[in-house]
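Data block below; observations after.
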Amino acid sequence: MTIERKGPATDAGERAMLEGWLDYHRQTLAWKCEGLDDAQLRTAAVPPSELSLLGLVRHMADVERSWFRKVLVGDDPGPLYYSDEDRDGEFHLTEADTWEEAYATWQGEIEVARRNAARLGLDDLSEGRSRFTDKPFNLRWIYTHMIEEYARHNGHADLIRERVDGATGD
């Protein structure tokens, strides 16, 4: 698999711009994982931290699920990789955890996110509410937050990838 990243057009409208940047950052995380085997993807960046590329992908699957299912449309199927007993479960990897499973799960959550968002306008409010303010979020806010979430974790992915095999890139 070869990951091709494509940023949004420089003259795109607001929605196309937000969706384009979100997709670009999704593609960036996949690109940072490209060409590594499961053992490399499970490699923690700087022990004792458990932060790994595979853990980041699993984390983002849960983040997509939370924002675009639970918050946006009020569908709460529960977390994928963490629990009340293990709040960082997505980063607690075993030999049984594979790229194939994590990638398929992440991509599945992205597809659900796209479907749920497609039926709403940028100003439409979420079914779920902020745990801090008890106010709903508009779709524009969720898109912006997701771009920020991916951008931050892609910075982590840059450092982890360089630690794993020396590869660097934008």
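Labels for the structure tokens follow display order: chains A, B, ..., residues from 1 in each chain, ligands from 1.
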Q: List every residue of chain A that DSSP, applied to the backbone of this structure, places in strand (DSSP E or B), and write the result as a ChimeraX atom specification.
A: /A:125-129,136-138
Q.
I'd like the neighbourhood of Val57 in chain A as a PyMOL selection string, where a residue qualifies if any of its atoms comes within 8 Å (using only C-alpha atoms), though same-chain residues fewer than 6 positions away should be ignored.
A. chain A and resi 29+102-103+106
Preceding selection exported with all heavy atoms as a PDB file, in the first residue's frame:
ATOM      1  N   LEU A  29      -1.012  10.259   9.136  1.00  0.00           N
ATOM      2  CA  LEU A  29      -0.774   9.229  10.149  1.00  0.00           C
ATOM      3  C   LEU A  29      -0.554   7.870   9.483  1.00  0.00           C
ATOM      4  O   LEU A  29       0.365   7.130   9.860  1.00  0.00           O
ATOM      5  CB  LEU A  29      -1.930   9.167  11.150  1.00  0.00           C
ATOM      6  CG  LEU A  29      -1.766   8.158  12.283  1.00  0.00           C
ATOM      7  CD1 LEU A  29      -0.462   8.370  13.060  1.00  0.00           C
ATOM      8  CD2 LEU A  29      -2.974   8.215  13.222  1.00  0.00           C
ATOM      9  N   ALA A 102      -5.966  -3.009  13.454  1.00  0.00           N
ATOM     10  CA  ALA A 102      -6.072  -1.608  13.861  1.00  0.00           C
ATOM     11  C   ALA A 102      -6.384  -0.706  12.671  1.00  0.00           C
ATOM     12  O   ALA A 102      -7.237   0.186  12.766  1.00  0.00           O
ATOM     13  CB  ALA A 102      -4.784  -1.160  14.547  1.00  0.00           C
ATOM     14  N   TYR A 103      -5.719  -0.946  11.548  1.00  0.00           N
ATOM     15  CA  TYR A 103      -5.947  -0.120  10.357  1.00  0.00           C
ATOM     16  C   TYR A 103      -7.373  -0.291   9.846  1.00  0.00           C
ATOM     17  O   TYR A 103      -8.053   0.692   9.549  1.00  0.00           O
ATOM     18  CB  TYR A 103      -4.929  -0.469   9.264  1.00  0.00           C
ATOM     19  CG  TYR A 103      -5.070   0.393   8.036  1.00  0.00           C
ATOM     20  CD1 TYR A 103      -4.557   1.685   8.016  1.00  0.00           C
ATOM     21  CD2 TYR A 103      -5.726  -0.072   6.904  1.00  0.00           C
ATOM     22  CE1 TYR A 103      -4.697   2.494   6.895  1.00  0.00           C
ATOM     23  CE2 TYR A 103      -5.867   0.726   5.777  1.00  0.00           C
ATOM     24  CZ  TYR A 103      -5.348   2.011   5.775  1.00  0.00           C
ATOM     25  OH  TYR A 103      -5.495   2.809   4.673  1.00  0.00           O
ATOM     26  N   TRP A 106      -9.746   1.490  12.253  1.00  0.00           N
ATOM     27  CA  TRP A 106      -9.600   2.944  12.106  1.00  0.00           C
ATOM     28  C   TRP A 106     -10.299   3.421  10.833  1.00  0.00           C
ATOM     29  O   TRP A 106     -11.067   4.382  10.862  1.00  0.00           O
ATOM     30  CB  TRP A 106      -8.114   3.284  12.109  1.00  0.00           C
ATOM     31  CG  TRP A 106      -7.733   4.710  11.910  1.00  0.00           C
ATOM     32  CD1 TRP A 106      -8.312   5.820  12.457  1.00  0.00           C
ATOM     33  CD2 TRP A 106      -6.646   5.180  11.118  1.00  0.00           C
ATOM     34  NE1 TRP A 106      -7.644   6.950  12.043  1.00  0.00           N
ATOM     35  CE2 TRP A 106      -6.617   6.581  11.233  1.00  0.00           C
ATOM     36  CE3 TRP A 106      -5.693   4.538  10.328  1.00  0.00           C
ATOM     37  CZ2 TRP A 106      -5.671   7.356  10.569  1.00  0.00           C
ATOM     38  CZ3 TRP A 106      -4.747   5.319   9.688  1.00  0.00           C
ATOM     39  CH2 TRP A 106      -4.738   6.706   9.811  1.00  0.00           C
TER      40      TRP A 106
END
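Among the candidates A:His156, A:Leu80, A:Leu53, A:Ile110, the one nearest to Glu34 in chain A when counting only C-alpha atoms is A:Leu53.
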Q.
Report, in Å with one decimal, the straight-line distance from CA of Ile142 in chain A to CA of Ala16 in chain A.
A. 14.4 Å
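Excluding Arg69 in chain A itself and any same-chain residue fewer than 2 positions from it, the protein and nucleic acid residues within 12 Å of it, counting only C-alpha atoms, are Ala61, Asp62, Val63, Glu64, Arg65, Ser66, Trp67, Val71, Leu72, Val73, Gly74, Asp75, Asp76, Pro77, Gly78, Pro79, Glu109, Ile110, Glu111, Val112, Ala113, Arg114, Arg115, Asn116, Ala117, Ser126, Glu127, Gly128 and Ile142 of chain A.
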Q: For Asp37 in chain A, please output as a ChimeraX atom specification all residues within 12 Å (counting only C-alpha atoms; exclusion window: fewer than 6 positions along the same chain).
A: /A:43,53-54,95,97-100,164-165
Same residues, C-alpha atoms, output as a PDB file, in the first residue's frame:
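Contents of the output file part30.pdb:
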ATOM      1  CA  THR A  43       7.762  -0.027  19.357  1.00  0.00           C
ATOM      2  CA  LEU A  53       2.527   4.239  16.062  1.00  0.00           C
ATOM      3  CA  LEU A  54       0.114   1.329  16.434  1.00  0.00           C
ATOM      4  CA  GLU A  95       1.935  -9.383  20.411  1.00  0.00           C
ATOM      5  CA  ASP A  97      -2.321  -6.577  18.326  1.00  0.00           C
ATOM      6  CA  THR A  98      -1.803  -6.125  14.589  1.00  0.00           C
ATOM      7  CA  TRP A  99      -1.645  -3.369  12.032  1.00  0.00           C
ATOM      8  CA  GLU A 100      -4.182  -5.192   9.891  1.00  0.00           C
ATOM      9  CA  VAL A 164      12.029   3.320  14.909  1.00  0.00           C
ATOM     10  CA  ASP A 165      13.918   3.425  11.616  1.00  0.00           C
TER      11      ASP A 165
END
Q) Which residues, written as a PyMOL selection string, have at least one atom at most 9 Å from Ala157 in chain A, with only C-alpha atoms counted and residues fewer than 4 positions away on the same chain left out? A) chain A and resi 29+32-33+52-53+56+152-153+161-162
Q. What does the distance between CA of Glu50 in chain A and CA of Leu93 in chain A come to in Å, to one decimal place?
A.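 Between CA of Glu50 in chain A and CA of Leu93 in chain A the gap is 8.4 Å.
If you count only C-alpha atoms and ignore residues fewer than 2 places along the chain from Ala151 in chain A, what sits within 10 Å of it is A:Trp21, A:Leu22, A:Tyr24, A:His25, A:Arg26, A:Thr28, A:Leu29, A:His145, A:Met146, A:Ile147, A:Glu148, A:Glu149, A:His153, A:Asn154, A:Gly155, A:His156, A:Ala157.
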How would the residues just picked look written out with C-alpha atoms as a PDB file, in the first residue's frame?
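As a result, again.pdb now contains:
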ATOM      1  CA  TRP A  21      -7.341  19.135   5.987  1.00  0.00           C
ATOM      2  CA  LEU A  22      -8.867  16.408   8.145  1.00  0.00           C
ATOM      3  CA  TYR A  24      -4.778  15.120   4.840  1.00  0.00           C
ATOM      4  CA  HIS A  25      -3.952  14.544   8.509  1.00  0.00           C
ATOM      5  CA  ARG A  26      -5.605  11.123   8.470  1.00  0.00           C
ATOM      6  CA  THR A  28      -0.357  11.598   7.216  1.00  0.00           C
ATOM      7  CA  LEU A  29      -0.774   9.229  10.149  1.00  0.00           C
ATOM      8  CA  HIS A 145     -10.879  19.882  16.868  1.00  0.00           C
ATOM      9  CA  MET A 146     -10.211  16.707  14.875  1.00  0.00           C
ATOM     10  CA  ILE A 147      -7.683  18.533  12.672  1.00  0.00           C
ATOM     11  CA  GLU A 148      -5.932  19.727  15.840  1.00  0.00           C
ATOM     12  CA  GLU A 149      -6.030  16.233  17.360  1.00  0.00           C
ATOM     13  CA  HIS A 153      -0.482  13.228  17.182  1.00  0.00           C
ATOM     14  CA  ASN A 154       1.190  13.418  13.775  1.00  0.00           C
ATOM     15  CA  GLY A 155       3.956  15.364  15.503  1.00  0.00           C
ATOM     16  CA  HIS A 156       4.297  12.431  17.886  1.00  0.00           C
ATOM     17  CA  ALA A 157       4.258  10.050  14.901  1.00  0.00           C
TER      18      ALA A 157
END
Q) Expressed in Å to a single decimal, how great is the separation between CA of His59 in chain A and CA of Asp134 in chain A? A) 24.4 Å
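The shortest atom-to-atom distance to His92 in chain A, with only C-alpha atoms taken into account, belongs to A:Arg58 out of A:Arg119, A:Arg15, A:Arg129, A:Arg58.
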Q | Residue with smallest distance to Ala167 in chain A - pool A:Leu36, A:Ala96, A:Leu120, A:Val46, counting only C-alpha atoms | A |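 Between A:Leu36, A:Ala96, A:Leu120, A:Val46, the residue approaching Ala167 in chain A most closely is A:Leu36.
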